[in-house]
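Next comes work20.cif, with mmCIF, C-alpha atoms.
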```
data_input
loop_
_atom_site.label_atom_id
_atom_site.label_comp_id
_atom_site.auth_asym_id
_atom_site.auth_seq_id
_atom_site.Cartn_x
_atom_site.Cartn_y
_atom_site.Cartn_z
CA MET K 1172 -49.93 -32.91 -44.81
CA SER K 1173 -50.00 -29.87 -47.06
CA ASN K 1174 -51.51 -26.42 -46.61
CA MET K 1175 -50.96 -26.15 -42.89
CA LYS K 1176 -51.46 -22.34 -42.87
CA LYS K 1177 -54.62 -21.75 -44.87
CA PRO K 1178 -57.32 -24.40 -44.54
CA HIS K 1179 -59.36 -24.98 -47.67
CA ILE K 1180 -61.51 -27.73 -49.16
CA THR K 1181 -59.69 -29.71 -51.84
CA VAL K 1182 -62.22 -32.49 -52.35
CA MET K 1183 -65.33 -31.72 -54.40
CA ARG K 1184 -67.51 -34.25 -52.61
CA SER K 1185 -70.30 -33.72 -50.16
CA GLN K 1186 -69.77 -34.63 -46.50
CA LEU K 1187 -72.43 -37.35 -46.84
CA SER K 1188 -70.75 -39.12 -49.74
CA ARG K 1189 -67.45 -38.99 -47.90
CA ALA K 1190 -68.99 -40.49 -44.77
CA ARG K 1191 -70.61 -43.27 -46.78
CA GLY K 1192 -67.37 -44.08 -48.60
CA LEU K 1193 -65.36 -44.33 -45.39
CA GLY K 1194 -67.80 -46.54 -43.55
CA SER K 1195 -67.19 -49.92 -42.00
CA GLY K 1196 -65.38 -52.49 -44.12
CA GLN K 1197 -67.73 -55.16 -42.66
CA ALA K 1198 -64.97 -57.71 -41.96
CA GLY K 1199 -63.96 -56.23 -38.60
CA VAL K 1200 -66.67 -57.78 -36.45
CA GLY K 1201 -65.86 -61.30 -37.64
CA HIS K 1202 -62.16 -60.76 -36.88
CA TRP K 1203 -62.99 -59.35 -33.43
CA TRP K 1204 -65.23 -62.30 -32.55
CA ALA K 1205 -62.75 -64.86 -33.88
CA GLU K 1206 -60.04 -63.33 -31.68
CA ARG K 1207 -62.26 -63.53 -28.58
CA ALA K 1208 -63.65 -66.99 -29.30
CA SER K 1209 -60.18 -68.47 -29.87
CA ALA K 1210 -58.95 -66.73 -26.71
CA VAL K 1211 -61.77 -68.24 -24.63
CA ALA K 1212 -61.11 -71.70 -26.09
CA LEU K 1213 -57.41 -71.36 -25.28
CA VAL K 1214 -58.13 -70.76 -21.56
CA PRO K 1215 -59.02 -74.42 -20.68
CA LEU K 1216 -56.57 -75.79 -23.30
CA SER K 1217 -53.70 -73.82 -21.73
CA GLY K 1218 -54.72 -75.00 -18.26
CA TRP K 1219 -54.69 -78.60 -19.48
CA PHE K 1220 -51.28 -78.09 -21.11
CA VAL K 1221 -49.76 -76.70 -17.89
CA ILE K 1222 -50.84 -79.90 -16.08
CA GLN K 1223 -49.26 -81.98 -18.88
CA VAL K 1224 -46.01 -80.01 -18.53
CA PHE K 1225 -45.91 -81.07 -14.86
CA ARG K 1226 -46.47 -84.69 -15.93
CA LEU K 1227 -43.81 -84.53 -18.65
CA ALA K 1228 -41.11 -82.38 -17.00
CA GLY K 1229 -37.88 -84.35 -17.27
CA ALA K 1230 -39.55 -87.18 -19.22
CA SER K 1231 -37.65 -89.27 -21.76
CA GLN K 1232 -38.64 -89.59 -25.43
CA PRO K 1233 -40.40 -92.98 -25.02
CA GLU K 1234 -42.43 -91.53 -22.14
CA VAL K 1235 -43.43 -88.52 -24.26
CA ALA K 1236 -44.28 -90.84 -27.18
CA LYS K 1237 -46.47 -92.97 -24.93
CA TRP K 1238 -48.22 -89.83 -23.66
CA GLY K 1239 -48.68 -88.46 -27.19
CA ALA K 1240 -50.17 -91.73 -28.47
CA ARG K 1241 -53.22 -91.48 -26.20
CA PRO K 1242 -56.16 -90.30 -28.36
CA PHE K 1243 -57.36 -87.80 -25.75
CA ASN K 1244 -53.93 -86.17 -25.50
CA THR K 1245 -53.65 -86.10 -29.32
CA THR K 1246 -57.03 -84.38 -29.59
CA MET K 1247 -56.16 -81.79 -26.95
CA MET K 1248 -52.70 -81.14 -28.44
CA LEU K 1249 -54.14 -80.72 -31.95
CA SER K 1250 -56.76 -78.27 -30.63
CA LEU K 1251 -54.09 -76.39 -28.70
CA VAL K 1252 -51.68 -76.14 -31.66
CA ILE K 1253 -54.33 -75.17 -34.23
CA LEU K 1254 -56.04 -72.59 -31.99
CA THR K 1255 -52.71 -71.13 -30.76
CA PHE K 1256 -51.51 -70.42 -34.29
CA TYR K 1257 -54.97 -69.27 -35.44
CA HIS K 1258 -55.07 -66.79 -32.54
CA THR K 1259 -51.45 -65.78 -33.34
CA GLN K 1260 -52.41 -65.01 -36.93
CA LEU K 1261 -55.39 -62.90 -35.83
CA GLY K 1262 -53.27 -60.96 -33.33
CA LEU K 1263 -50.32 -60.35 -35.65
CA GLN K 1264 -52.77 -59.14 -38.34
CA VAL K 1265 -53.93 -56.38 -35.96
CA ILE K 1266 -50.32 -55.36 -35.32
CA ILE K 1267 -49.60 -55.23 -39.07
CA ASP K 1268 -52.79 -53.20 -39.63
CA ASP K 1269 -51.62 -50.72 -36.97
CA TYR K 1270 -47.99 -50.26 -37.97
CA VAL K 1271 -47.55 -51.16 -41.65
CA HIS K 1272 -49.00 -48.59 -44.04
CA GLY K 1273 -49.26 -48.16 -47.78
CA LYS K 1274 -48.13 -50.69 -50.34
CA ALA K 1275 -46.27 -52.87 -47.81
CA HIS K 1276 -49.47 -53.64 -45.88
CA LEU K 1277 -50.83 -56.44 -48.09
CA PRO K 1278 -47.53 -58.32 -48.68
CA ALA K 1279 -46.66 -58.04 -44.96
CA GLY K 1280 -49.99 -59.58 -44.02
CA LEU K 1281 -49.69 -62.37 -46.58
CA LEU K 1282 -46.11 -63.16 -45.55
CA MET K 1283 -47.14 -63.32 -41.87
CA LYS K 1284 -50.11 -65.57 -42.70
CA GLY K 1285 -47.87 -67.87 -44.75
CA ILE K 1286 -45.30 -68.23 -41.96
CA VAL K 1287 -47.89 -68.77 -39.21
CA PHE K 1288 -49.79 -71.25 -41.40
CA LEU K 1289 -46.62 -73.30 -42.01
CA LEU K 1290 -45.75 -73.26 -38.29
CA GLY K 1291 -49.26 -74.41 -37.37
CA LEU K 1292 -49.16 -77.15 -39.99
CA PHE K 1293 -45.70 -78.26 -38.78
CA GLY K 1294 -47.05 -78.54 -35.24
CA THR K 1295 -50.11 -80.47 -36.45
CA VAL K 1296 -48.01 -82.94 -38.45
CA SER K 1297 -45.64 -83.41 -35.48
CA VAL K 1298 -48.50 -84.17 -33.07
CA LEU K 1299 -50.04 -86.61 -35.56
CA LYS K 1300 -46.70 -88.32 -36.23
CA LEU K 1301 -46.10 -88.72 -32.49
CA ALA K 1302 -49.61 -90.18 -32.10
CA LEU K 1303 -49.60 -92.55 -35.07
CA ALA K 1304 -45.95 -93.67 -34.78
CA GLY K 1305 -46.62 -94.72 -31.18
CA SER K 1306 -49.62 -96.87 -32.11
CA THR K 1307 -47.87 -98.65 -35.03
CA LYS K 1308 -44.92 -99.51 -32.81
CA GLY K 1309 -47.29 -101.17 -30.37
CA ARG K 1310 -48.94 -103.13 -33.18
CA VAL K 1311 -45.59 -104.36 -34.56
CA ALA K 1312 -44.50 -105.48 -31.12
CA ALA K 1313 -47.77 -107.32 -30.60
CA GLY K 1314 -47.65 -109.02 -34.03
CA MET W 966 -56.47 -33.50 -54.86
CA GLN W 967 -53.64 -34.42 -52.53
CA ASP W 968 -53.95 -36.96 -49.77
CA VAL W 969 -57.59 -37.87 -49.23
CA ARG W 970 -57.07 -37.57 -45.47
CA ASP W 971 -56.41 -33.81 -45.94
CA ALA W 972 -60.09 -33.36 -46.56
CA LEU W 973 -60.95 -34.79 -43.17
CA TYR W 974 -58.76 -32.21 -41.39
CA VAL W 975 -60.84 -29.32 -42.73
CA GLY W 976 -63.61 -28.22 -40.40
CA GLN W 977 -65.93 -25.26 -40.13
CA ARG W 978 -66.11 -22.72 -37.29
CA SER W 979 -69.53 -21.58 -36.10
CA ASP W 980 -69.17 -18.41 -38.19
CA GLY W 981 -68.67 -20.53 -41.30
CA THR W 982 -64.96 -19.91 -41.83
CA LEU W 983 -62.81 -22.95 -42.55
CA THR W 984 -60.31 -24.25 -40.04
CA ARG W 985 -57.88 -27.11 -39.67
CA ARG W 986 -58.96 -29.66 -37.07
CA PRO W 987 -56.39 -30.49 -34.36
CA MET W 988 -54.38 -33.71 -34.62
CA SER W 989 -53.99 -35.95 -31.57
CA PRO W 990 -50.68 -35.25 -29.83
CA HIS W 991 -47.77 -37.67 -29.96
CA LEU W 992 -47.32 -40.31 -27.23
CA GLN W 993 -44.40 -38.50 -25.53
CA VAL W 994 -46.53 -35.55 -24.32
CA TYR W 995 -48.50 -37.82 -21.97
CA ARG W 996 -47.45 -38.53 -18.39
CA PHE W 997 -46.48 -42.17 -17.84
CA ARG W 998 -49.30 -44.36 -16.49
CA LEU W 999 -49.13 -48.03 -15.58
CA SER W 1000 -52.13 -48.77 -17.80
CA MET W 1001 -50.33 -47.51 -20.93
CA PHE W 1002 -47.37 -49.76 -20.18
CA LEU W 1003 -49.64 -52.76 -19.48
CA SER W 1004 -51.46 -52.15 -22.76
CA ILE W 1005 -48.37 -52.22 -24.97
CA ALA W 1006 -46.87 -55.00 -22.80
CA ASN W 1007 -49.86 -57.19 -23.66
CA ARG W 1008 -49.13 -56.74 -27.36
CA ALA W 1009 -45.41 -57.39 -26.85
CA ALA W 1010 -46.21 -60.44 -24.70
CA GLY W 1011 -48.47 -61.77 -27.46
CA VAL W 1012 -45.64 -61.52 -29.99
CA ALA W 1013 -43.15 -63.08 -27.53
CA ALA W 1014 -45.59 -65.88 -26.69
CA ALA W 1015 -46.03 -66.57 -30.42
CA GLY W 1016 -42.26 -66.67 -30.93
CA GLY W 1017 -41.90 -69.01 -27.96
CA SER W 1018 -44.66 -71.26 -29.30
CA ALA W 1019 -42.81 -71.46 -32.62
CA LEU W 1020 -39.71 -72.60 -30.68
CA GLY W 1021 -41.92 -74.92 -28.62
CA LEU W 1022 -42.72 -76.79 -31.81
CA CYS W 1023 -39.08 -77.99 -31.71
CA TRP W 1024 -39.96 -79.99 -28.59
CA ILE W 1025 -43.01 -81.79 -30.02
CA SER W 1026 -41.38 -82.34 -33.45
CA ALA W 1027 -38.23 -83.72 -31.83
CA ALA W 1028 -40.36 -86.10 -29.76
CA ALA W 1029 -42.06 -87.20 -32.99
CA LYS W 1030 -38.73 -87.66 -34.77
CA GLY W 1031 -37.08 -89.92 -32.21
CA PRO W 1032 -34.84 -90.27 -29.13
CA LYS W 1033 -31.78 -88.74 -30.85
CA SER W 1034 -33.49 -85.45 -31.72
CA PHE W 1035 -35.22 -85.43 -28.34
CA SER W 1036 -31.93 -85.63 -26.47
CA LYS W 1037 -30.78 -82.56 -28.43
CA VAL W 1038 -33.84 -80.64 -27.21
CA GLN W 1039 -33.19 -81.91 -23.66
CA LYS W 1040 -29.70 -80.39 -23.88
CA VAL W 1041 -31.35 -76.99 -24.49
CA THR W 1042 -34.02 -77.41 -21.79
CA GLY W 1043 -31.38 -78.62 -19.33
CA ASN W 1044 -29.12 -75.65 -20.03
CA PRO W 1045 -29.46 -72.52 -17.80
CA LEU W 1046 -29.65 -70.26 -20.88
CA GLY W 1047 -32.38 -72.44 -22.38
CA GLN W 1048 -34.20 -72.43 -19.05
CA LEU W 1049 -34.01 -68.62 -18.96
CA LEU W 1050 -35.60 -68.58 -22.43
CA LEU W 1051 -38.33 -70.97 -21.23
CA ALA W 1052 -38.96 -68.76 -18.17
CA GLY W 1053 -39.28 -65.75 -20.49
CA TRP W 1054 -41.76 -67.67 -22.62
CA ALA W 1055 -43.73 -68.58 -19.48
CA LEU W 1056 -43.76 -64.93 -18.36
CA ALA W 1057 -45.05 -63.78 -21.77
CA LEU W 1058 -47.73 -66.50 -21.84
CA VAL W 1059 -48.90 -65.83 -18.28
CA TYR W 1060 -49.09 -62.05 -18.79
CA HIS W 1061 -50.87 -62.40 -22.14
CA PHE W 1062 -53.28 -64.80 -20.40
CA VAL W 1063 -53.95 -62.39 -17.50
CA ALA W 1064 -54.29 -59.34 -19.75
CA GLY W 1065 -56.50 -61.37 -22.10
CA LEU W 1066 -58.84 -62.23 -19.21
CA ARG W 1067 -59.01 -58.52 -18.34
CA HIS W 1068 -59.89 -57.74 -21.96
CA LEU W 1069 -62.66 -60.35 -21.90
CA ALA W 1070 -64.01 -58.77 -18.70
CA TRP W 1071 -63.90 -55.28 -20.27
CA ASP W 1072 -65.63 -56.59 -23.40
CA SER W 1073 -68.43 -57.92 -21.17
CA GLY W 1074 -68.74 -54.54 -19.45
CA TYR W 1075 -66.99 -55.33 -16.16
CA ARG W 1076 -64.16 -53.40 -14.43
CA PHE W 1077 -64.07 -50.91 -17.29
CA SER W 1078 -64.20 -47.59 -15.40
CA LYS W 1079 -61.02 -45.52 -15.07
CA LYS W 1080 -60.93 -46.14 -11.31
CA GLU W 1081 -61.34 -49.91 -11.66
CA ILE W 1082 -58.75 -50.15 -14.45
CA ASN W 1083 -56.22 -48.27 -12.31
CA GLU W 1084 -56.99 -50.53 -9.34
CA ASP W 1085 -56.62 -53.75 -11.36
CA GLY W 1086 -53.32 -52.86 -13.04
CA PRO W 1087 -51.00 -53.56 -10.06
CA VAL W 1088 -53.04 -56.70 -9.27
CA ALA W 1089 -52.41 -57.96 -12.82
CA VAL W 1090 -48.67 -57.34 -12.39
CA GLY W 1091 -48.64 -59.18 -9.04
CA VAL W 1092 -50.66 -62.14 -10.32
CA THR W 1093 -48.44 -62.40 -13.41
CA LEU W 1094 -45.16 -62.34 -11.48
CA GLY W 1095 -46.43 -64.68 -8.75
CA THR W 1096 -47.90 -67.24 -11.16
CA THR W 1097 -44.83 -67.21 -13.39
CA LEU W 1098 -42.45 -67.62 -10.47
CA ALA W 1099 -44.53 -70.46 -9.00
CA LEU W 1100 -44.84 -72.26 -12.36
CA VAL W 1101 -41.17 -71.93 -13.31
CA THR W 1102 -39.81 -73.06 -9.92
CA THR W 1103 -42.19 -76.01 -9.49
CA ILE W 1104 -41.74 -77.28 -13.07
CA LEU W 1105 -37.96 -77.00 -12.73
CA GLY W 1106 -38.17 -78.77 -9.37
CA VAL W 1107 -40.27 -81.63 -10.77
CA ALA W 1108 -37.90 -82.01 -13.74
CA ILE W 1109 -34.80 -82.12 -11.51
CA CYS W 1110 -36.37 -84.62 -9.07
CA ARG W 1111 -37.44 -86.89 -11.92
CA SER W 1112 -34.06 -86.91 -13.67
CA ARG W 1113 -32.31 -87.59 -10.30
CA LYS W 1114 -34.62 -90.52 -9.66
CA LYS W 1115 -33.78 -91.91 -13.12
CA ALA W 1116 -30.04 -91.47 -12.58
CA SER W 1117 -30.03 -93.35 -9.27
#
```

Render the structure in this file as structure tokens.
Amino acid sequence: MSNMKKPHITVMRSQLSRARGLGSGQAGVGHWWAERASAVALVPLSGWFVIQVFRLAGASQPEVAKWGARPFNTTMMLSLVILTFYHTQLGLQVIIDDYVHGKAHLPAGLLMKGIVFLLGLFGTVSVLKLALAGSTKGRVAAG
Amino acid sequence: MQDVRDALYVGQRSDGTLTRRPMSPHLQVYRFRLSMFLSIANRAAGVAAAGGSALGLCWISAAAKGPKSFSKVQKVTGNPLGQLLLAGWALALVYHFVAGLRHLAWDSGYRFSKKEINEDGPVAVGVTLGTTLALVTTILGVAICRSRKKAS
């Protein structure tokens, strides 16, 4: 910053107007709560997933497909995938806010959101495909 | 007017003369504390856990695609280098989980004094390492037992 030696006021605004202008942006509380709420929801979901990893360690593809076709497992997996990538997006946004300044801030945030959104959608589609492909196979075999 | 932040560095002494407010010193002047490492490690673990989750999508998408793709993923998970990567992912997830629980406690007003934070730090490290080691070894053990049973 300039004028290190001799301090002087360069802005012709009152302290009050400056304080008002630099107040809260209002969106922070929502972001903070969303981060905490998704974190709390991920606690039981992660615990459930660890148990599933024990069940599926060393499993073959048909075994995984059979597991993924159960509606309860599909529901839990979809919740896990969606909340994981939602929480990821919230966390990475904070990191971008902290370290990326100036004109690069907005594009960096949008790029990150785009990538995380696509990853989350890819996971969602995969879980759904595993679930629905399993059930159609059963129907074909029965018919 | 130059940078708008310049204005915020100008303060007044009690005699009315203007002065430049002090800036906070750079990180390197502080003595190393465990809590500062654990703080940045939580952020790094979050990024690593996210990267691992992105790779983890390969597993579920391969299972959705079919047995051929799934056997490719099994080649990675059966490989020592792949297993090291999985262990790293587990470490990042477990630490982010533990540090996240601490943050939730702090947000609720518990264990937030300097003394308590310094007491809990080594516990968090121990819990993280112990849980990760237990998870990685037992999961690997279960996987090996199951594939041996199938082979015989």

All residues 9 Å or closer to region 985-992 of chain W, all atoms listed in the file, same chain fewer than 5 positions away omitted, as a PDB file with C-alpha atoms, in the frame of the given file:
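Okay, this is what ended up in out.pdb:
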```pdb
ATOM      1  CA  MET K1175     -50.960 -26.150 -42.890  1.00  0.00           C
ATOM      2  CA  LYS K1176     -51.460 -22.340 -42.870  1.00  0.00           C
ATOM      3  CA  LYS K1177     -54.620 -21.750 -44.870  1.00  0.00           C
ATOM      4  CA  PRO K1178     -57.320 -24.400 -44.540  1.00  0.00           C
ATOM      5  CA  HIS K1179     -59.360 -24.980 -47.670  1.00  0.00           C
TER       6      HIS K1179
ATOM      7  CA  LEU W 973     -60.950 -34.790 -43.170  1.00  0.00           C
ATOM      8  CA  TYR W 974     -58.760 -32.210 -41.390  1.00  0.00           C
ATOM      9  CA  VAL W 975     -60.840 -29.320 -42.730  1.00  0.00           C
ATOM     10  CA  GLY W 976     -63.610 -28.220 -40.400  1.00  0.00           C
ATOM     11  CA  GLN W 977     -65.930 -25.260 -40.130  1.00  0.00           C
TER      12      GLN W 977
END
```

key: chain W contacts on chain K, only C-alpha atoms, 8 Å, as number ranges by chain   = K: 1172-1173, 1175, 1177-1182, 1207, 1210, 1214, 1224-1225, 1228-1233, 1235-1236, 1256, 1259, 1262-1263, 1290, 1293-1294, 1297-1298, 1300-1301, 1304

task = List the residues sitting within 12 Å of (-48.4, -68.5, -41.4) in the file's frame, using all atoms listed in the file, as a list in words.
result =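 Using all atoms listed in the file, the matching residues come out as Ile1253, Thr1255, Phe1256, Tyr1257, His1258, Thr1259, Gln1260, Leu1261, Leu1263, Gln1264, Ala1279, Gly1280, Leu1281, Leu1282, Met1283, Lys1284, Gly1285, Ile1286, Val1287, Phe1288, Leu1289, Leu1290, Gly1291, Leu1292, Phe1293 and Gly1294 of chain K; Ala1015 and Ala1019 of chain W.
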
query = How many Å separate CA of Arg998 (chain W) from CA of Gly1053 (chain W)?
reply =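 Separation between CA of Arg998 (chain W) and CA of Gly1053 (chain W): 24.0 Å.
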
request  = Using the chain letters and residue numbers of this document, give as a PyMOL selection string the residues selected by the PyMOL selection byres ((chain W and resi 1078-1089) around 12).
outcome  = chain W and resi 998-1004+1006-1007+1059-1068+1070-1071+1074-1077+1090-1097

One-decimal distance in Å that lies between CA of Val1296 (chain K) and CA of Val1221 (chain K) =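 Going from CA of Val1221 (chain K) over to CA of Val1296 (chain K), I get 21.6 Å.
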
key: Å distance separating CA of Val1252 (chain K) from CA of Trp1054 (chain W), one decimal place   =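 Here the two named atoms are 15.9 Å from each other.
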
task = Would you list the contacts of Trp1219 (chain K) as a PyMOL selection string, taking every protein, DNA or RNA residue within 12 Å and counting only C-alpha atoms, but skipping same-chain residues closer than 3 positions in sequence?
result = chain K and resi 1212-1216+1222-1226+1243-1244+1246-1248+1250-1251

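Proximity to Leu1098 (chain W) was assessed for W:Ala1055, W:Ile1005, W:Arg978, W:Lys1114 counting all atoms listed in the file; the smallest distance is recorded for W:Ala1055.
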
ask   = For Gly1017 (chain W), which of W:Leu1050, W:Ser1117, W:Gly981, W:Ser1073 is the closest residue, counting all atoms listed in the file?
value =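 Among W:Leu1050, W:Ser1117, W:Gly981, W:Ser1073, it is W:Leu1050 that comes nearest to Gly1017 (chain W).
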
Using the atoms already present, construct all heavy atoms for region 1106-1116 of chain W and hand them back as a compact mmCIF listing (two decimals), in the coordinates of the input.
```
# COMPACT_ATOMS: atom_id res chain seq x y z
N GLY W 1106 -38.35 -77.84 -10.49
CA GLY W 1106 -38.17 -78.77 -9.37
C GLY W 1106 -38.59 -80.18 -9.73
O GLY W 1106 -37.86 -81.15 -9.47
N VAL W 1107 -39.77 -80.31 -10.36
CA VAL W 1107 -40.27 -81.63 -10.77
C VAL W 1107 -39.30 -82.28 -11.76
O VAL W 1107 -38.98 -83.47 -11.65
CB VAL W 1107 -41.68 -81.49 -11.39
CG1 VAL W 1107 -42.09 -82.78 -12.08
CG2 VAL W 1107 -42.69 -81.12 -10.33
N ALA W 1108 -38.81 -81.47 -12.72
CA ALA W 1108 -37.90 -82.01 -13.74
C ALA W 1108 -36.61 -82.51 -13.11
O ALA W 1108 -36.11 -83.59 -13.44
CB ALA W 1108 -37.60 -80.93 -14.78
N ILE W 1109 -36.07 -81.73 -12.15
CA ILE W 1109 -34.80 -82.12 -11.51
C ILE W 1109 -35.00 -83.39 -10.69
O ILE W 1109 -34.19 -84.33 -10.76
CB ILE W 1109 -34.26 -80.94 -10.64
CG1 ILE W 1109 -33.76 -79.82 -11.55
CG2 ILE W 1109 -33.14 -81.41 -9.73
CD1 ILE W 1109 -33.43 -78.54 -10.82
N CYS W 1110 -36.09 -83.43 -9.90
CA CYS W 1110 -36.37 -84.62 -9.07
C CYS W 1110 -36.48 -85.87 -9.94
O CYS W 1110 -35.93 -86.92 -9.61
CB CYS W 1110 -37.68 -84.42 -8.31
SG CYS W 1110 -37.51 -83.36 -6.87
N ARG W 1111 -37.20 -85.73 -11.06
CA ARG W 1111 -37.44 -86.89 -11.92
C ARG W 1111 -36.15 -87.39 -12.56
O ARG W 1111 -35.91 -88.59 -12.62
CB ARG W 1111 -38.46 -86.51 -12.99
CG ARG W 1111 -39.32 -87.69 -13.39
CD ARG W 1111 -40.53 -87.26 -14.18
NE ARG W 1111 -41.68 -86.99 -13.35
CZ ARG W 1111 -42.73 -86.25 -13.75
NH1 ARG W 1111 -42.72 -85.70 -14.95
NH2 ARG W 1111 -43.74 -86.06 -12.97
N SER W 1112 -35.29 -86.46 -13.02
CA SER W 1112 -34.06 -86.91 -13.67
C SER W 1112 -33.10 -87.50 -12.64
O SER W 1112 -32.32 -88.41 -12.96
CB SER W 1112 -33.41 -85.77 -14.46
OG SER W 1112 -33.36 -84.61 -13.69
N ARG W 1113 -33.16 -87.02 -11.36
CA ARG W 1113 -32.31 -87.59 -10.30
C ARG W 1113 -32.75 -89.01 -9.99
O ARG W 1113 -31.94 -89.92 -9.80
CB ARG W 1113 -32.42 -86.74 -9.05
CG ARG W 1113 -31.32 -85.70 -9.00
CD ARG W 1113 -31.09 -85.17 -7.61
NE ARG W 1113 -30.41 -83.90 -7.71
CZ ARG W 1113 -30.62 -82.88 -6.90
NH1 ARG W 1113 -31.53 -82.96 -5.95
NH2 ARG W 1113 -29.95 -81.77 -7.03
N LYS W 1114 -34.06 -89.20 -9.97
CA LYS W 1114 -34.62 -90.52 -9.66
C LYS W 1114 -34.19 -91.52 -10.73
O LYS W 1114 -33.88 -92.68 -10.45
CB LYS W 1114 -36.14 -90.42 -9.61
CG LYS W 1114 -36.77 -91.34 -8.55
CD LYS W 1114 -38.27 -91.26 -8.56
CE LYS W 1114 -38.82 -90.34 -7.49
NZ LYS W 1114 -40.27 -90.14 -7.64
N LYS W 1115 -34.18 -91.05 -12.01
CA LYS W 1115 -33.78 -91.91 -13.12
C LYS W 1115 -32.30 -92.26 -13.04
O LYS W 1115 -31.89 -93.37 -13.34
CB LYS W 1115 -34.06 -91.20 -14.44
CG LYS W 1115 -35.39 -91.61 -15.04
CD LYS W 1115 -35.67 -90.81 -16.28
CE LYS W 1115 -37.14 -90.54 -16.39
NZ LYS W 1115 -37.42 -89.43 -17.29
N ALA W 1116 -31.48 -91.27 -12.63
CA ALA W 1116 -30.04 -91.47 -12.58
C ALA W 1116 -29.66 -92.48 -11.50
O ALA W 1116 -28.73 -93.27 -11.67
CB ALA W 1116 -29.35 -90.13 -12.32
```
